[in-house]
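Peer 1: This is the structure, below, for whatever I ask next.
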Amino acid sequence: MRKINELEKSLKESLDNFSAESQSALTAFDLHRRGENLTEYDMDEMARRTFYLMTDFKEHIIKYLKDNQK
């Protein structure tokens, strides 16, 4: 049970980081482009952040599975 809690904590930390970074980026978009649509660059930035989150999730889950394979 402890290892599941550790995995849950790691995944929550990844989500919290993603949320904080995304909010910061969206605030910057809003400050610089009031009244304008998001650009291709903006969308690319959010896609990159999402990719990093999913990669982080994958690493945590694979580590959990390997540690519990024994």
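By convention here, the chains of the structure tokens are called A, B, ... in the order presented, each chain's residues are numbered starting at 1, and ligands are numbered starting at 1 in the order presented.
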Just the residues within 7 Å of segment 48-65 of chain A, please, counting only C-alpha atoms, with nothing from its chain fewer than 5 positions along; format it as a list in words.
Peer 2: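 Final neighbour list, sorted by chain and number: Leu7, Ser10, Leu11, Ser14 and Phe18 of chain A.
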Peer 1: So which residues touch Asp42 of chain A within 9 Å, counting only C-alpha atoms, skipping near sequence neighbours fewer than 3 positions away, as a PyMOL selection string?
Peer 2: chain A and resi 25-26+29+38-39+45-47
Peer 1: Apply DSSP to the structure's backbone, then extract all residues of chain A labelled helix (DSSP H, G or I) and return them as an MDAnalysis selection string.
Peer 2: chainID A and resid 2:32 40:67
